Protein chains: 2
Amino acid sequence: MTPIEGCSTFLVRHAWLSLRGVVAEALVRHDLSVAQFASLLMLDEVPGLSVADVARKVSTARQSANEMLGGLERAGLVERRPHPSDRRTQQIFLTDAGRQRLAEALPTVQAVEARLAAGFSPDEIAVVNAWLHRMTEAGAASEEIPTL
Amino acid sequence: MTPIEGCSTFLVRHAWLSLRGVVAEALVRHDLSVAQFASLLMLDEVPGLSVADVARKVSTARQSANEMLGGLERAGLVERRPHPSDRRTQQIFLTDAGRQRLAEALPTVQAVEARLAAGFSPDEIAVVNAWLHRMTEAGAASEEIPTL
DNA sequence: GAACTATTGACAGGTACCTGACAATCCTGC
DNA sequence: GCAGGATTGTCAGGTACCTGTCAATAGTTC
């Protein structure tokens with residue numbers, strides 16, 4: 001039961017696996033994977049992203065993002081349009097069905113997260129978020145010094 | 001750069017990916033994967049675990065654990081011995097080389113984590129750990145209600 | 001002690017993800 | 001302009017992980 005005391009890395013791993021499981025469970029009824037839900041969320045916030053943009057935002061390979069978006073496209077939730085000025089890239093937009101699907105799924109996920117966060121004060125949540133951000137930055141920084 | 005504001009799930013995901021990257025980078029020089037390091041750490045703490053035990057502790061499939069332990073065994077860092085009373089299971093023990101490898105790698109990982117946690121007070125770290133534990137428990141609980 | 005269930009380690013097969021490469025295209029410095 | 005480098009979407013191939021299954025063994029109930 002005890003992950004590995006003292007190594008916060010593995011605490012974070014277990015938390016991520018657990019959260020992913022819970023969110024995935026909440027999303028199956030909406031026929032969405034966790035990654036697809038994240039993409040829908042981002043594309044709703046910033047329409048017209050390219051495949052490469054999505055890949056960077058969700059921290060995955062361009063290839064993986066492309067395949068995942070293929071699923072969303074086949075389901076009719078997003079559509080690709082040629083970029084008006086850059087002939088390499090395709091812009092990705094949510095369809096009406098995509099927006100509706102997101103509107104259905106988002107409250108479910110938010111409810112799950114709210115339920116899990118119950119019992120923690122806003123101050124504590126702020127500390128947690130700050131800590132998580134710090135960890136994330138650390139990784140981004142280490143990429144800049146790959147072979148040290 | 002902004003993962004997805006408001007959804008802590010994706011904050012945790014980015015933190016995990018980042019931490020894994022940093023730790024993996026620190027472990028390459030010791031020729032260990034993150035999962036292998038975790039297994040060494042556990043087997044040092046609780047010698048004689050079975051493959052299934054290791055799988056449960058690191059939250060992975062028995063199969064995956066078996067393959068990963070195969071790598072450690074081929075490297076001479078662990079050894080399998082038949083269980084004295086249960087003829088199904090094999091007990092896994094660290095070899096002297098395994099203990100030495102762990103002793104070399106552990107300070108590296110601890111230094112990385114200490115560097116990342118710098119600037120957070122013990123109280124704040126305690127809050128973070130409590131929050132991570134809460135998330136982990138949530139996942140374990142949801143497994144008990146798979147089809148609700 | 002016999003039947004039933006659960007568990008262990010292994011096997012096969014599939015899935016998701018990644019890396020490395022490529023032509024096409026954009027951008028920048030000269 | 002135009003050569004050089006960077007970026008985009010895509011292809012091929014590999015790796016790591018998972019699920020589903022199996023015989024062998026252990027524990028449980030009657």
# chains A, B, ... in the order shown; residues from 1 in each chain; ligands from 1

call {"tool": "select_by_dssp", "arguments": {"residues": "chain B", "states": "alpha helix (DSSP H)", "output": "VMD selection string"}}
result
chain B and resid 8 to 28 34 to 45 51 to 57 62 to 74 96 to 117 122 to 144

call {"tool": "closest_atom_pairs", "arguments": {"of": "segment 39-94 of chain B", "to": "segment 16-28 of chain D", "cutoff": "10 Å", "atoms": "only C-alpha atoms (C1' of nucleotides)", "output": "tab-separated table"}}
result
residue	atom	partner	partner_atom	distance
B:Thr60	CA	D:DC17	C1'	8.5
B:Ala61	CA	D:DC18	C1'	7.2
B:Arg62	CA	D:DC18	C1'	10.0
B:Gln63	CA	D:DC18	C1'	8.7
B:Ser64	CA	D:DC17	C1'	6.6
B:Glu67	CA	D:DA16	C1'	9.9
B:Met68	CA	D:DA16	C1'	10.0
B:Ser85	CA	D:DA26	C1'	10.0
B:Asp86	CA	D:DA26	C1'	7.4
B:Arg87	CA	D:DT25	C1'	6.7
B:Arg88	CA	D:DT25	C1'	5.7
B:Thr89	CA	D:DT25	C1'	9.2

call {"tool": "write_last_selection", "arguments": {"atoms": "C-alpha atoms", "output": "PDB file, in the first residue's frame"}}
result
ATOM      1  CA  THR B  60       1.966  -2.082 -12.939  1.00  0.00           C
ATOM      2  CA  ALA B  61       0.934  -5.363 -14.519  1.00  0.00           C
ATOM      3  CA  ARG B  62       2.553  -8.596 -13.330  1.00  0.00           C
ATOM      4  CA  GLN B  63       3.818  -9.090 -16.845  1.00  0.00           C
ATOM      5  CA  SER B  64       5.519  -5.711 -16.969  1.00  0.00           C
ATOM      6  CA  GLU B  67      10.025  -8.201 -17.752  1.00  0.00           C
ATOM      7  CA  MET B  68      11.550  -5.334 -15.824  1.00  0.00           C
ATOM      8  CA  SER B  85       6.767 -23.002   1.299  1.00  0.00           C
ATOM      9  CA  ASP B  86       4.866 -21.719  -1.759  1.00  0.00           C
ATOM     10  CA  ARG B  87       5.922 -23.547  -4.877  1.00  0.00           C
ATOM     11  CA  ARG B  88       4.209 -21.056  -7.184  1.00  0.00           C
ATOM     12  CA  THR B  89       6.140 -17.985  -6.213  1.00  0.00           C
TER      13      THR B  89
END

call {"tool": "closest_residue", "arguments": {"among": "A:Asn66, A:Ala118, A:Ala126, A:Val112", "to": "chain C", "atoms": "only C-alpha atoms (C1' of nucleotides)"}}
result
A:Asn66

call {"tool": "interface_residues", "arguments": {"of": "chain C", "to": "chain A", "cutoff": "9 Å", "atoms": "only C-alpha atoms (C1' of nucleotides)", "output": "number ranges by chain"}}
result
C: 16-18, 24-26

call {"tool": "write_last_selection", "arguments": {"atoms": "all heavy atoms", "output": "compact mmCIF listing (two decimals), in the first residue's frame"}}
result
# COMPACT_ATOMS: atom_id res chain seq x y z
P DA C 16 -5.38 2.20 -28.35
OP1 DA C 16 -6.70 2.60 -27.79
OP2 DA C 16 -5.16 2.19 -29.82
O5' DA C 16 -4.26 3.12 -27.68
C5' DA C 16 -3.96 2.95 -26.32
C4' DA C 16 -2.55 3.44 -26.04
O4' DA C 16 -1.59 2.49 -26.56
C3' DA C 16 -2.24 4.78 -26.71
O3' DA C 16 -1.75 5.69 -25.74
C2' DA C 16 -1.18 4.44 -27.75
C1' DA C 16 -0.54 3.20 -27.18
N9 DA C 16 0.05 2.31 -28.20
C8 DA C 16 -0.55 1.84 -29.32
N7 DA C 16 0.22 1.05 -30.04
C5 DA C 16 1.41 1.02 -29.33
C6 DA C 16 2.63 0.35 -29.56
N6 DA C 16 2.86 -0.41 -30.62
N1 DA C 16 3.61 0.53 -28.65
C2 DA C 16 3.36 1.32 -27.58
N3 DA C 16 2.27 1.98 -27.26
C4 DA C 16 1.31 1.78 -28.19
P DC C 17 -1.67 7.23 -26.10
OP1 DC C 17 -2.15 7.97 -24.92
OP2 DC C 17 -2.29 7.41 -27.43
O5' DC C 17 -0.11 7.50 -26.25
C5' DC C 17 0.74 7.18 -25.17
C4' DC C 17 2.12 6.85 -25.67
O4' DC C 17 2.04 5.70 -26.55
C3' DC C 17 2.74 7.91 -26.56
O3' DC C 17 3.47 8.84 -25.77
C2' DC C 17 3.70 7.11 -27.45
C1' DC C 17 3.26 5.67 -27.29
N1 DC C 17 3.02 4.98 -28.58
C2 DC C 17 4.03 4.16 -29.11
O2 DC C 17 5.09 4.05 -28.49
N3 DC C 17 3.83 3.53 -30.29
C4 DC C 17 2.66 3.69 -30.93
N4 DC C 17 2.50 3.04 -32.08
C5 DC C 17 1.62 4.52 -30.41
C6 DC C 17 1.84 5.14 -29.24
P DC C 18 4.27 10.03 -26.46
OP1 DC C 18 4.61 10.99 -25.41
OP2 DC C 18 3.49 10.48 -27.63
O5' DC C 18 5.61 9.35 -27.00
C5' DC C 18 6.50 8.75 -26.07
C4' DC C 18 7.62 8.05 -26.81
O4' DC C 18 7.05 7.05 -27.69
C3' DC C 18 8.43 8.98 -27.70
O3' DC C 18 9.68 9.25 -27.11
C2' DC C 18 8.58 8.25 -29.01
C1' DC C 18 7.83 6.96 -28.85
N1 DC C 18 6.92 6.68 -30.00
C2 DC C 18 7.34 5.83 -31.03
O2 DC C 18 8.48 5.34 -30.98
N3 DC C 18 6.50 5.58 -32.06
C4 DC C 18 5.28 6.12 -32.09
N4 DC C 18 4.49 5.84 -33.11
C5 DC C 18 4.84 6.99 -31.04
C6 DC C 18 5.68 7.24 -30.03
P DA C 24 8.64 16.94 -52.24
OP1 DA C 24 7.69 16.63 -53.33
OP2 DA C 24 10.00 17.44 -52.55
O5' DA C 24 7.94 17.98 -51.26
C5' DA C 24 6.64 17.69 -50.78
C4' DA C 24 6.18 18.79 -49.84
O4' DA C 24 6.98 18.77 -48.64
C3' DA C 24 6.31 20.21 -50.42
O3' DA C 24 5.09 20.90 -50.26
C2' DA C 24 7.45 20.84 -49.60
C1' DA C 24 7.35 20.08 -48.29
N9 DA C 24 8.61 20.00 -47.56
C8 DA C 24 9.80 19.51 -48.01
N7 DA C 24 10.77 19.56 -47.13
C5 DA C 24 10.18 20.12 -46.00
C6 DA C 24 10.66 20.43 -44.74
N6 DA C 24 11.92 20.22 -44.35
N1 DA C 24 9.80 20.97 -43.84
C2 DA C 24 8.52 21.18 -44.23
N3 DA C 24 7.95 20.93 -45.40
C4 DA C 24 8.84 20.39 -46.25
P DT C 25 4.86 22.30 -50.91
OP1 DT C 25 3.42 22.45 -51.19
OP2 DT C 25 5.88 22.47 -51.99
O5' DT C 25 5.23 23.29 -49.72
C5' DT C 25 4.48 23.22 -48.53
C4' DT C 25 5.19 23.99 -47.43
O4' DT C 25 6.51 23.44 -47.22
C3' DT C 25 5.42 25.47 -47.71
O3' DT C 25 4.48 26.21 -46.95
C2' DT C 25 6.85 25.73 -47.23
C1' DT C 25 7.23 24.44 -46.54
N1 DT C 25 8.66 24.08 -46.56
C2 DT C 25 9.40 24.26 -45.42
O2 DT C 25 8.95 24.72 -44.38
N3 DT C 25 10.72 23.90 -45.52
C4 DT C 25 11.35 23.36 -46.63
O4 DT C 25 12.54 23.07 -46.60
C5 DT C 25 10.52 23.20 -47.78
C7 DT C 25 11.10 22.63 -49.04
C6 DT C 25 9.22 23.55 -47.70
P DC C 26 4.38 27.78 -47.18
OP1 DC C 26 3.01 28.18 -46.83
OP2 DC C 26 4.94 28.09 -48.51
O5' DC C 26 5.36 28.38 -46.06
C5' DC C 26 4.92 28.41 -44.73
C4' DC C 26 6.12 28.63 -43.81
O4' DC C 26 7.22 27.86 -44.31
C3' DC C 26 6.60 30.07 -43.75
O3' DC C 26 6.32 30.60 -42.47
C2' DC C 26 8.10 29.98 -44.02
C1' DC C 26 8.40 28.50 -43.88
N1 DC C 26 9.52 28.00 -44.72
C2 DC C 26 10.77 27.74 -44.14
O2 DC C 26 10.91 27.96 -42.93
N3 DC C 26 11.78 27.28 -44.91
C4 DC C 26 11.57 27.08 -46.21
N4 DC C 26 12.60 26.62 -46.94
C5 DC C 26 10.31 27.32 -46.83
C6 DC C 26 9.33 27.78 -46.05

call {"tool": "atom_distance", "arguments": {"atom1": "atom CA of Ala75 of chain B", "atom2": "atom CA of Arg101 of chain B"}}
result
10.6 Å

call {"tool": "interface_residues", "arguments": {"of": "chain B", "to": "chain A", "cutoff": "6 Å", "atoms": "only C-alpha atoms", "output": "compact mmCIF listing (two decimals) with C-alpha atoms, in the first residue's frame"}}
result
# COMPACT_ATOMS: atom_id res chain seq x y z
CA VAL B 12 -0.35 16.29 -11.99
CA ARG B 13 0.28 14.68 -15.35
CA HIS B 14 2.76 17.35 -16.36
CA ALA B 15 4.46 17.20 -12.99
CA TRP B 16 4.81 13.43 -13.29
CA SER B 18 8.60 16.26 -15.78
CA VAL B 22 14.49 14.53 -14.52
CA VAL B 128 1.46 18.49 -0.81
CA LEU B 132 -1.09 13.44 -3.25
CA MET B 135 -5.59 11.49 -4.81
CA THR B 136 -4.00 8.06 -4.59
CA GLY B 139 -8.12 5.88 -7.22

call {"tool": "atom_distance", "arguments": {"atom1": "atom CA of His83 of chain A", "atom2": "atom CA of Asp53 of chain A"}}
result
13.2 Å

call {"tool": "select_by_dssp", "arguments": {"residues": "chain B", "states": "strand (DSSP E or B)", "output": "PyMOL selection string"}}
result
chain B and resi 49+78-82+90-94

call {"tool": "write_last_selection", "arguments": {"atoms": "all heavy atoms", "output": "CSV table (one decimal), in the first residue's frame"}}
result
chain,number,residue,atom,x,y,z
B,49,LEU,N,10.2,-10.2,-1.8
B,49,LEU,CA,8.9,-10.0,-2.5
B,49,LEU,C,8.8,-10.9,-3.7
B,49,LEU,O,9.8,-11.3,-4.3
B,49,LEU,CB,8.8,-8.5,-2.9
B,49,LEU,CG,8.7,-7.5,-1.8
B,49,LEU,CD1,8.7,-6.1,-2.4
B,49,LEU,CD2,7.4,-7.7,-1.0
B,78,VAL,N,19.5,-8.4,-9.1
B,78,VAL,CA,18.6,-9.2,-8.2
B,78,VAL,C,18.7,-10.6,-8.6
B,78,VAL,O,19.3,-11.0,-9.6
B,78,VAL,CB,17.1,-8.7,-8.4
B,78,VAL,CG1,17.0,-7.2,-8.2
B,78,VAL,CG2,16.6,-9.1,-9.8
B,79,GLU,N,18.2,-11.5,-7.7
B,79,GLU,CA,18.2,-12.9,-8.0
B,79,GLU,C,16.9,-13.5,-7.5
B,79,GLU,O,16.3,-13.0,-6.5
B,79,GLU,CB,19.4,-13.6,-7.3
B,79,GLU,CG,19.4,-13.5,-5.8
B,79,GLU,CD,20.6,-14.3,-5.2
B,79,GLU,OE1,21.4,-14.8,-6.0
B,79,GLU,OE2,20.7,-14.2,-4.0
B,80,ARG,N,16.4,-14.5,-8.2
B,80,ARG,CA,15.2,-15.1,-7.8
B,80,ARG,C,15.5,-16.5,-7.1
B,80,ARG,O,16.4,-17.2,-7.6
B,80,ARG,CB,14.3,-15.4,-9.0
B,80,ARG,CG,14.1,-14.3,-10.0
B,80,ARG,CD,13.2,-14.6,-11.1
B,80,ARG,NE,13.2,-13.5,-12.1
B,80,ARG,CZ,12.1,-13.2,-12.8
B,80,ARG,NH1,11.0,-13.9,-12.7
B,80,ARG,NH2,12.2,-12.3,-13.7
B,81,ARG,N,14.8,-16.7,-6.0
B,81,ARG,CA,15.0,-18.0,-5.3
B,81,ARG,C,13.6,-18.6,-5.1
B,81,ARG,O,12.6,-17.8,-4.9
B,81,ARG,CB,15.6,-17.8,-4.0
B,81,ARG,CG,17.0,-17.1,-4.0
B,81,ARG,CD,17.5,-17.1,-2.6
B,81,ARG,NE,18.4,-15.9,-2.4
B,81,ARG,CZ,18.7,-15.3,-1.2
B,81,ARG,NH1,18.1,-15.8,-0.1
B,81,ARG,NH2,19.5,-14.3,-1.1
B,82,PRO,N,13.5,-19.9,-5.2
B,82,PRO,CA,12.2,-20.5,-4.9
B,82,PRO,C,11.7,-20.2,-3.5
B,82,PRO,O,12.5,-20.2,-2.6
B,82,PRO,CB,12.4,-22.0,-5.1
B,82,PRO,CG,13.9,-22.1,-5.0
B,82,PRO,CD,14.5,-20.9,-5.5
B,90,GLN,N,8.3,-17.1,-6.7
B,90,GLN,CA,9.7,-16.9,-6.5
B,90,GLN,C,10.0,-15.7,-5.7
B,90,GLN,O,9.4,-14.7,-5.9
B,90,GLN,CB,10.4,-16.8,-7.9
B,90,GLN,CG,10.0,-17.9,-8.9
B,90,GLN,CD,10.5,-17.5,-10.3
B,90,GLN,OE1,10.9,-16.4,-10.5
B,90,GLN,NE2,10.5,-18.5,-11.2
B,91,GLN,N,10.9,-15.8,-4.7
B,91,GLN,CA,11.2,-14.7,-4.0
B,91,GLN,C,12.4,-13.9,-4.7
B,91,GLN,O,13.3,-14.6,-5.2
B,91,GLN,CB,11.7,-15.1,-2.6
B,91,GLN,CG,10.5,-15.5,-1.7
B,91,GLN,CD,10.9,-15.7,-0.2
B,91,GLN,OE1,11.8,-16.5,0.0
B,91,GLN,NE2,10.4,-14.9,0.7
B,92,ILE,N,12.3,-12.6,-4.6
B,92,ILE,CA,13.3,-11.8,-5.3
B,92,ILE,C,14.2,-11.1,-4.2
B,92,ILE,O,13.6,-10.5,-3.3
B,92,ILE,CB,12.7,-10.8,-6.2
B,92,ILE,CG1,11.8,-11.6,-7.2
B,92,ILE,CG2,13.7,-10.0,-6.9
B,92,ILE,CD1,11.0,-10.7,-8.1
B,93,PHE,N,15.5,-11.2,-4.4
B,93,PHE,CA,16.4,-10.6,-3.4
B,93,PHE,C,17.4,-9.7,-4.2
B,93,PHE,O,17.8,-10.1,-5.3
B,93,PHE,CB,17.1,-11.6,-2.6
B,93,PHE,CG,16.2,-12.4,-1.7
B,93,PHE,CD1,15.7,-13.6,-2.1
B,93,PHE,CD2,16.0,-11.9,-0.4
B,93,PHE,CE1,14.8,-14.3,-1.2
B,93,PHE,CE2,15.1,-12.6,0.4
B,93,PHE,CZ,14.6,-13.8,0.0
B,94,LEU,N,17.8,-8.6,-3.6
B,94,LEU,CA,18.9,-7.9,-4.1
B,94,LEU,C,20.2,-8.7,-4.0
B,94,LEU,O,20.5,-9.3,-2.9
B,94,LEU,CB,19.1,-6.5,-3.4
B,94,LEU,CG,18.5,-5.3,-4.1
B,94,LEU,CD1,17.0,-5.5,-4.3
B,94,LEU,CD2,18.7,-4.1,-3.2

call {"tool": "interface_residues", "arguments": {"of": "chain D", "to": "chain A", "cutoff": "9 Å", "atoms": "only C-alpha atoms (C1' of nucleotides)", "output": "list in words"}}
result
DT7, DT8, DG9 and DT10 of chain D

call {"tool": "residues_around", "arguments": {"residues": "DA3 of chain D", "least_positions_apart": "3", "cutoff": "12 Å", "atoms": "only C-alpha atoms (C1' of nucleotides)", "output": "JSON, numbers by chain"}}
result
{"C": [28, 29, 30]}

call {"tool": "atom_distance", "arguments": {"atom1": "atom C1' of DG5 of chain D", "atom2": "atom C1' of DC27 of chain C"}}
result
8.8 Å
